[in-house]
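What follows is the content of protein_10.pdb, which has PDB, C-alpha atoms:
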```
MODEL        1
ATOM      1  CA  MET S   1      10.848  -3.238 -38.127
ATOM      2  CA  ASP S   2       7.453  -3.602 -39.732
ATOM      3  CA  ASN S   3       5.955  -0.720 -41.714
ATOM      4  CA  LEU S   4       9.240   1.171 -41.675
ATOM      5  CA  VAL S   5       9.003   4.405 -43.654
ATOM      6  CA  GLU S   6      12.322   4.968 -45.452
ATOM      7  CA  GLU S   7      13.556   8.259 -46.909
ATOM      8  CA  VAL S   8      16.865   8.781 -48.691
ATOM      9  CA  GLY S   9      18.431  12.107 -49.651
ATOM     10  CA  GLU S  10      15.368  14.185 -48.784
ATOM     11  CA  ASP S  11      15.761  17.951 -48.348
ATOM     12  CA  TYR S  12      14.184  19.254 -45.123
ATOM     13  CA  ALA S  13      16.359  22.367 -44.934
ATOM     14  CA  ASP S  14      14.485  25.299 -43.316
ATOM     15  CA  ALA S  15      11.399  23.091 -42.891
ATOM     16  CA  ASN S  16       8.942  23.790 -40.070
ATOM     17  CA  LEU S  17       8.428  20.398 -38.418
ATOM     18  CA  HIS S  18       7.639  21.747 -34.981
ATOM     19  CA  GLY S  19       5.914  19.293 -32.619
ATOM     20  CA  GLN S  20       5.708  16.321 -34.964
ATOM     21  CA  HIS S  21       5.625  12.668 -33.852
ATOM     22  CA  TRP S  22       7.689  10.197 -35.892
ATOM     23  CA  GLU S  23       7.650   6.463 -35.293
ATOM     24  CA  LYS S  24       9.599   3.766 -37.150
ATOM     25  CA  ARG S  25      10.940   6.112 -39.797
ATOM     26  CA  SER S  26      14.329   5.833 -41.471
ATOM     27  CA  PHE S  27      16.261   8.812 -42.859
ATOM     28  CA  THR S  28      19.502   8.375 -44.804
ATOM     29  CA  ASP S  29      21.623  11.277 -46.117
ATOM     30  CA  CYS S  30      18.799  13.739 -45.419
ATOM     31  CA  ASP S  31      19.352  17.476 -44.933
ATOM     32  CA  PHE S  32      17.719  19.080 -41.880
ATOM     33  CA  THR S  33      19.832  22.254 -41.993
ATOM     34  CA  GLU S  34      18.172  25.088 -40.035
ATOM     35  CA  ALA S  35      14.938  23.088 -39.729
ATOM     36  CA  ASP S  36      12.556  23.763 -36.834
ATOM     37  CA  LEU S  37      12.346  20.417 -35.010
ATOM     38  CA  ARG S  38      11.374  21.809 -31.623
ATOM     39  CA  GLU S  39       9.316  19.380 -29.510
ATOM     40  CA  LEU S  40       9.838  16.636 -32.097
ATOM     41  CA  VAL S  41       9.063  13.182 -30.670
ATOM     42  CA  THR S  42      10.704  10.118 -32.226
ATOM     43  CA  ALA S  43      10.375   6.424 -31.371
ATOM     44  CA  GLY S  44      12.229   3.612 -33.101
ATOM     45  CA  CYS S  45      13.586   5.922 -35.824
ATOM     46  CA  THR S  46      16.957   5.798 -37.582
ATOM     47  CA  PHE S  47      18.927   8.763 -38.920
ATOM     48  CA  THR S  48      22.054   7.849 -40.910
ATOM     49  CA  ARG S  49      24.544  10.490 -42.118
ATOM     50  CA  CYS S  50      21.932  13.239 -41.737
ATOM     51  CA  ASP S  51      22.875  16.913 -41.443
ATOM     52  CA  PHE S  52      21.463  18.828 -38.477
ATOM     53  CA  THR S  53      23.519  21.999 -38.953
ATOM     54  CA  ARG S  54      21.900  24.912 -37.065
ATOM     55  CA  THR S  55      18.807  22.748 -36.516
ATOM     56  CA  ASP S  56      16.594  23.577 -33.532
ATOM     57  CA  LEU S  57      15.855  20.350 -31.630
ATOM     58  CA  GLY S  58      14.949  22.093 -28.403
ATOM     59  CA  GLU S  59      12.578  20.172 -26.090
ATOM     60  CA  SER S  60      12.599  17.162 -28.437
ATOM     61  CA  LYS S  61      12.216  13.626 -27.079
ATOM     62  CA  HIS S  62      13.804  10.529 -28.578
ATOM     63  CA  THR S  63      13.249   6.918 -27.525
ATOM     64  CA  ALA S  64      15.024   3.892 -29.057
ATOM     65  CA  THR S  65      16.152   6.133 -31.923
ATOM     66  CA  ALA S  66      19.566   5.939 -33.637
ATOM     67  CA  PHE S  67      21.547   8.900 -34.969
ATOM     68  CA  ARG S  68      24.422   7.246 -36.856
ATOM     69  CA  GLN S  69      27.273   9.359 -38.235
ATOM     70  CA  CYS S  70      25.088  12.460 -38.156
ATOM     71  CA  THR S  71      26.384  16.031 -38.071
ATOM     72  CA  PHE S  72      25.170  18.390 -35.329
ATOM     73  CA  ASP S  73      26.903  21.684 -36.109
ATOM     74  CA  ARG S  74      25.685  24.633 -33.981
ATOM     75  CA  ALA S  75      22.452  22.717 -33.355
ATOM     76  CA  VAL S  76      20.201  23.593 -30.426
ATOM     77  CA  LEU S  77      19.375  20.654 -28.146
ATOM     78  CA  THR S  78      18.291  22.411 -24.956
ATOM     79  CA  ARG S  79      15.799  20.509 -22.784
ATOM     80  CA  SER S  80      15.874  17.557 -25.173
ATOM     81  CA  SER S  81      15.990  13.956 -23.963
ATOM     82  CA  PHE S  82      17.443  10.745 -25.383
ATOM     83  CA  THR S  83      16.388   7.389 -23.900
ATOM     84  CA  SER S  84      17.799   4.036 -25.067
ATOM     85  CA  CYS S  85      19.262   5.804 -28.105
ATOM     86  CA  SER S  86      22.450   5.477 -30.155
ATOM     87  CA  LEU S  87      24.521   8.474 -31.242
ATOM     88  CA  MET S  88      27.237   6.260 -32.689
ATOM     89  CA  GLY S  89      29.779   8.136 -34.785
ATOM     90  CA  SER S  90      27.877  11.426 -34.691
ATOM     91  CA  ASN S  91      29.735  14.736 -34.489
ATOM     92  CA  PHE S  92      28.670  17.595 -32.198
ATOM     93  CA  VAL S  93      30.288  20.976 -32.909
ATOM     94  CA  ASP S  94      29.503  24.195 -31.006
ATOM     95  CA  CYS S  95      26.039  22.907 -30.052
ATOM     96  CA  VAL S  96      23.790  24.304 -27.336
ATOM     97  CA  LEU S  97      23.418  21.187 -25.205
ATOM     98  CA  ARG S  98      22.343  22.177 -21.713
ATOM     99  CA  PRO S  99      20.109  21.300 -20.034
ATOM    100  CA  ILE S 100      19.822  17.884 -21.672
ATOM    101  CA  THR S 101      18.955  14.354 -20.505
ATOM    102  CA  PHE S 102      20.704  11.162 -21.638
ATOM    103  CA  THR S 103      19.491   7.764 -20.370
ATOM    104  CA  GLU S 104      21.052   4.505 -21.581
ATOM    105  CA  VAL S 105      22.694   6.138 -24.604
ATOM    106  CA  ASP S 106      25.512   4.710 -26.737
ATOM    107  CA  PHE S 107      28.038   7.439 -27.669
ATOM    108  CA  THR S 108      30.566   5.044 -29.248
ATOM    109  CA  LEU S 109      32.858   6.841 -31.748
ATOM    110  CA  ALA S 110      30.924  10.101 -31.336
ATOM    111  CA  SER S 111      32.756  13.427 -31.051
ATOM    112  CA  PHE S 112      32.109  16.067 -28.375
ATOM    113  CA  VAL S 113      35.256  18.158 -28.707
ATOM    114  CA  LYS S 114      35.042  21.218 -26.399
ATOM    115  CA  ALA S 115      31.395  20.372 -25.627
ATOM    116  CA  PRO S 116      29.766  21.847 -22.475
ATOM    117  CA  LEU S 117      28.794  18.663 -20.625
ATOM    118  CA  TYR S 118      29.330  19.889 -17.069
ATOM    119  CA  ASP S 119      26.964  19.064 -14.197
ATOM    120  CA  LEU S 120      25.182  16.372 -16.244
ATOM    121  CA  LYS S 121      24.171  12.867 -15.165
ATOM    122  CA  LEU S 122      25.993  10.552 -17.568
ATOM    123  CA  GLY S 123      26.498   7.591 -15.263
ATOM    124  CA  GLY S 124      26.385   4.193 -16.953
ATOM    125  CA  GLN S 125      26.534   5.586 -20.486
ATOM    126  CA  ARG S 126      28.736   4.032 -23.191
ATOM    127  CA  PHE S 127      31.545   6.340 -24.401
ATOM    128  CA  ARG S 128      33.806   3.790 -26.115
ATOM    129  CA  GLU S 129      36.358   5.571 -28.330
ATOM    130  CA  THR S 130      34.372   8.795 -27.990
ATOM    131  CA  ASN S 131      36.333  11.984 -28.633
ATOM    132  CA  LEU S 132      35.938  14.097 -25.489
ATOM    133  CA  SER S 133      39.044  16.210 -26.054
ATOM    134  CA  GLU S 134      38.758  19.571 -24.259
ATOM    135  CA  ALA S 135      35.156  18.760 -23.286
ATOM    136  CA  ASP S 136      33.903  20.399 -20.091
ATOM    137  CA  LEU S 137      32.828  17.539 -17.829
ATOM    138  CA  ARG S 138      33.295  19.311 -14.511
ATOM    139  CA  ASN S 139      31.129  17.905 -11.711
ATOM    140  CA  THR S 140      29.517  15.467 -14.152
ATOM    141  CA  ASP S 141      28.367  12.055 -12.948
ATOM    142  CA  LEU S 142      30.277   9.480 -15.018
ATOM    143  CA  SER S 143      30.040   6.676 -12.479
ATOM    144  CA  GLN S 144      29.863   3.204 -14.051
ATOM    145  CA  ALA S 145      30.317   4.743 -17.523
ATOM    146  CA  ASP S 146      32.293   2.883 -20.191
ATOM    147  CA  LEU S 147      35.089   5.228 -21.277
ATOM    148  CA  MET S 148      37.446   2.625 -22.721
ATOM    149  CA  GLY S 149      39.426   4.106 -25.586
ATOM    150  CA  ALA S 150      37.858   7.538 -25.113
ATOM    151  CA  ARG S 151      40.032  10.499 -26.081
ATOM    152  CA  LEU S 152      40.356  12.710 -23.010
ATOM    153  CA  LEU S 153      43.108  15.128 -24.028
ATOM    154  CA  ASP S 154      42.668  18.253 -21.871
ATOM    155  CA  ALA S 155      39.142  17.158 -20.914
ATOM    156  CA  LYS S 156      37.980  19.027 -17.811
ATOM    157  CA  LEU S 157      37.056  16.359 -15.279
ATOM    158  CA  GLU S 158      37.503  18.410 -12.126
ATOM    159  CA  GLY S 159      34.978  17.272  -9.538
ATOM    160  CA  ALA S 160      33.572  14.559 -11.826
ATOM    161  CA  ASP S 161      32.411  11.247 -10.351
ATOM    162  CA  LEU S 162      34.367   8.468 -12.089
ATOM    163  CA  ARG S 163      33.807   5.745  -9.522
ATOM    164  CA  GLY S 164      33.196   2.378 -11.136
ATOM    165  CA  ALA S 165      33.817   3.757 -14.616
ATOM    166  CA  LYS S 166      35.835   1.754 -17.130
ATOM    167  CA  VAL S 167      38.595   4.092 -18.239
ATOM    168  CA  ASP S 168      42.107   3.769 -19.638
ATOM    169  CA  ALA S 169      44.695   4.989 -17.142
ATOM    170  CA  ASN S 170      46.576   6.681 -19.987
ATOM    171  CA  GLY S 171      43.388   8.530 -20.847
ATOM    172  CA  LEU S 172      43.187   9.842 -17.305
ATOM    173  CA  ARG S 173      46.760  11.094 -17.578
ATOM    174  CA  GLN S 174      45.673  13.401 -20.399
ATOM    175  CA  ALA S 175      42.682  14.871 -18.546
ATOM    176  CA  LYS S 176      42.388  17.552 -15.880
ATOM    177  CA  LEU S 177      41.350  15.645 -12.783
ATOM    178  CA  ALA S 178      41.641  17.901  -9.729
ATOM    179  CA  GLY S 179      38.972  16.891  -7.212
ATOM    180  CA  ALA S 180      37.583  14.041  -9.326
ATOM    181  CA  LEU S 181      36.146  11.067  -7.427
ATOM    182  CA  ILE S 182      37.787   7.731  -8.276
ATOM    183  CA  ASP S 183      37.815   4.291  -6.663
ATOM    184  CA  ILE S 184      40.773   2.287  -5.342
ATOM    185  CA  GLU S 185      41.150   0.183  -8.489
ATOM    186  CA  GLN S 186      41.322   3.318 -10.648
ATOM    187  CA  ALA S 187      43.811   4.918  -8.280
ATOM    188  CA  ILE S 188      46.127   1.911  -8.551
ATOM    189  CA  ALA S 189      45.873   1.876 -12.360
ATOM    190  CA  PHE S 190      46.508   5.626 -12.458
ATOM    191  CA  ALA S 191      49.581   5.257 -10.245
ATOM    192  CA  ALA S 192      50.877   2.446 -12.442
ATOM    193  CA  ALA S 193      50.423   4.624 -15.527
ATOM    194  CA  TYR S 194      52.829   7.085 -13.927
ATOM    195  CA  GLY S 195      55.334   4.331 -13.242
ATOM    196  CA  LEU S 196      54.645   4.182  -9.528
ATOM    197  CA  VAL S 197      54.748   0.925  -7.608
ATOM    198  CA  VAL S 198      51.898   0.301  -5.184
ATOM    199  CA  SER S 199      52.767  -2.082  -2.371
TER
ENDMDL
END
```

Mind converting the file's structure to structure tokens?
Amino acid sequence: MDNLVEEVGEDYADANLHGQHWEKRSFTDCDFTEADLRELVTAGCTFTRCDFTRTDLGESKHTATAFRQCTFDRAVLTRSSFTSCSLMGSNFVDCVLRPITFTEVDFTLASFVKAPLYDLKLGGQRFRETNLSEADLRNTDLSQADLMGARLLDAKLEGADLRGAKVDANGLRQAKLAGALIDIEQAIAFAAAYGLVVS
């Protein structure tokens, strides 16, 4: 990444950064607590272990940007979009997430415990080992998503589209699945997880 601007440990708490455009910038251990990042546009940026507690990221747009092991505690992300981004290992707690758009996003090892993710289009996304415990995924499109190793304890998947998704059968056993759409292969794996024999 040529001409990469790197910042380490910078304090942006309470900063007004509304409507800025950032390209090829790197932030490590930076504090964005309660900052105004509405309509922020990022491209090719990297945020590592940054704190976005109570940060307003409403209507922000992110392309090919990585948020690695970042904290989003009570952050506002309404009408934001993430395209070809990584949220690997980031933690989302009590955030305002909807409406939101995710396209080709890697959520590996991220945490969305109790997150309101219902009615979203998340098909084809990567959720490997993501913590989705108690998340509300009702009527969400998860078709072709990679959910291998995801934690789904008490996740609400009623009405969700799981067709073609890679998912552990044991994970499905822990979720609430009434009315969810699954394919034949998933149905057989699910039956086997319950000790049933399909013949």

Applying 8 Å and all atoms listed in the file, which residues near stretch 124-141 of chain S remain after dropping the ones on its own chain fewer than 6 positions away? List them as a PyMOL selection string. chain S and resi 103-118+147-162+165+180

Tell me, as an mmCIF file with C-alpha atoms, in the frame of the given file, which residues lie within 10 Å of S:Gly9, counting all atoms listed in the file; anything in the same chain fewer than 6 positions away does not count.
```
data_model
loop_
_atom_site.group_PDB
_atom_site.id
_atom_site.type_symbol
_atom_site.label_atom_id
_atom_site.label_comp_id
_atom_site.auth_asym_id
_atom_site.auth_seq_id
_atom_site.Cartn_x
_atom_site.Cartn_y
_atom_site.Cartn_z
ATOM 1 C CA PHE S 27 16.261 8.812 -42.859
ATOM 2 C CA THR S 28 19.502 8.375 -44.804
ATOM 3 C CA ASP S 29 21.623 11.277 -46.117
ATOM 4 C CA CYS S 30 18.799 13.739 -45.419
ATOM 5 C CA ASP S 31 19.352 17.476 -44.933
ATOM 6 C CA ARG S 49 24.544 10.490 -42.118
ATOM 7 C CA CYS S 50 21.932 13.239 -41.737
#
```

Any idea what the distance is between atom CA of S:Ala169 and atom CA of S:Leu196?
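That distance, rounded to one decimal, is 12.6 Å.
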
What separates atom CA of S:Lys61 and atom CA of S:Arg25 is a distance of 14.8 Å

Among S:Thr46, S:Arg163, S:Asp73, S:Ser199, S:Ile184 is approached most closely, using all atoms listed in the file, by S:Arg163

request  = Compile the contact shell of S:Ile188 as a list in words: residues with an atom at most 9 Å away, counting all atoms listed in the file, same-chain residues fewer than 5 positions apart removed.
outcome  =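 These residues fall inside the cut-off: Asp183, Ala193, Leu196, Val197 and Val198 of chain S.
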
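Note that the spacing between atom CA of S:Gln144 and atom CA of S:Ile182 amounts to 10.8 Å.
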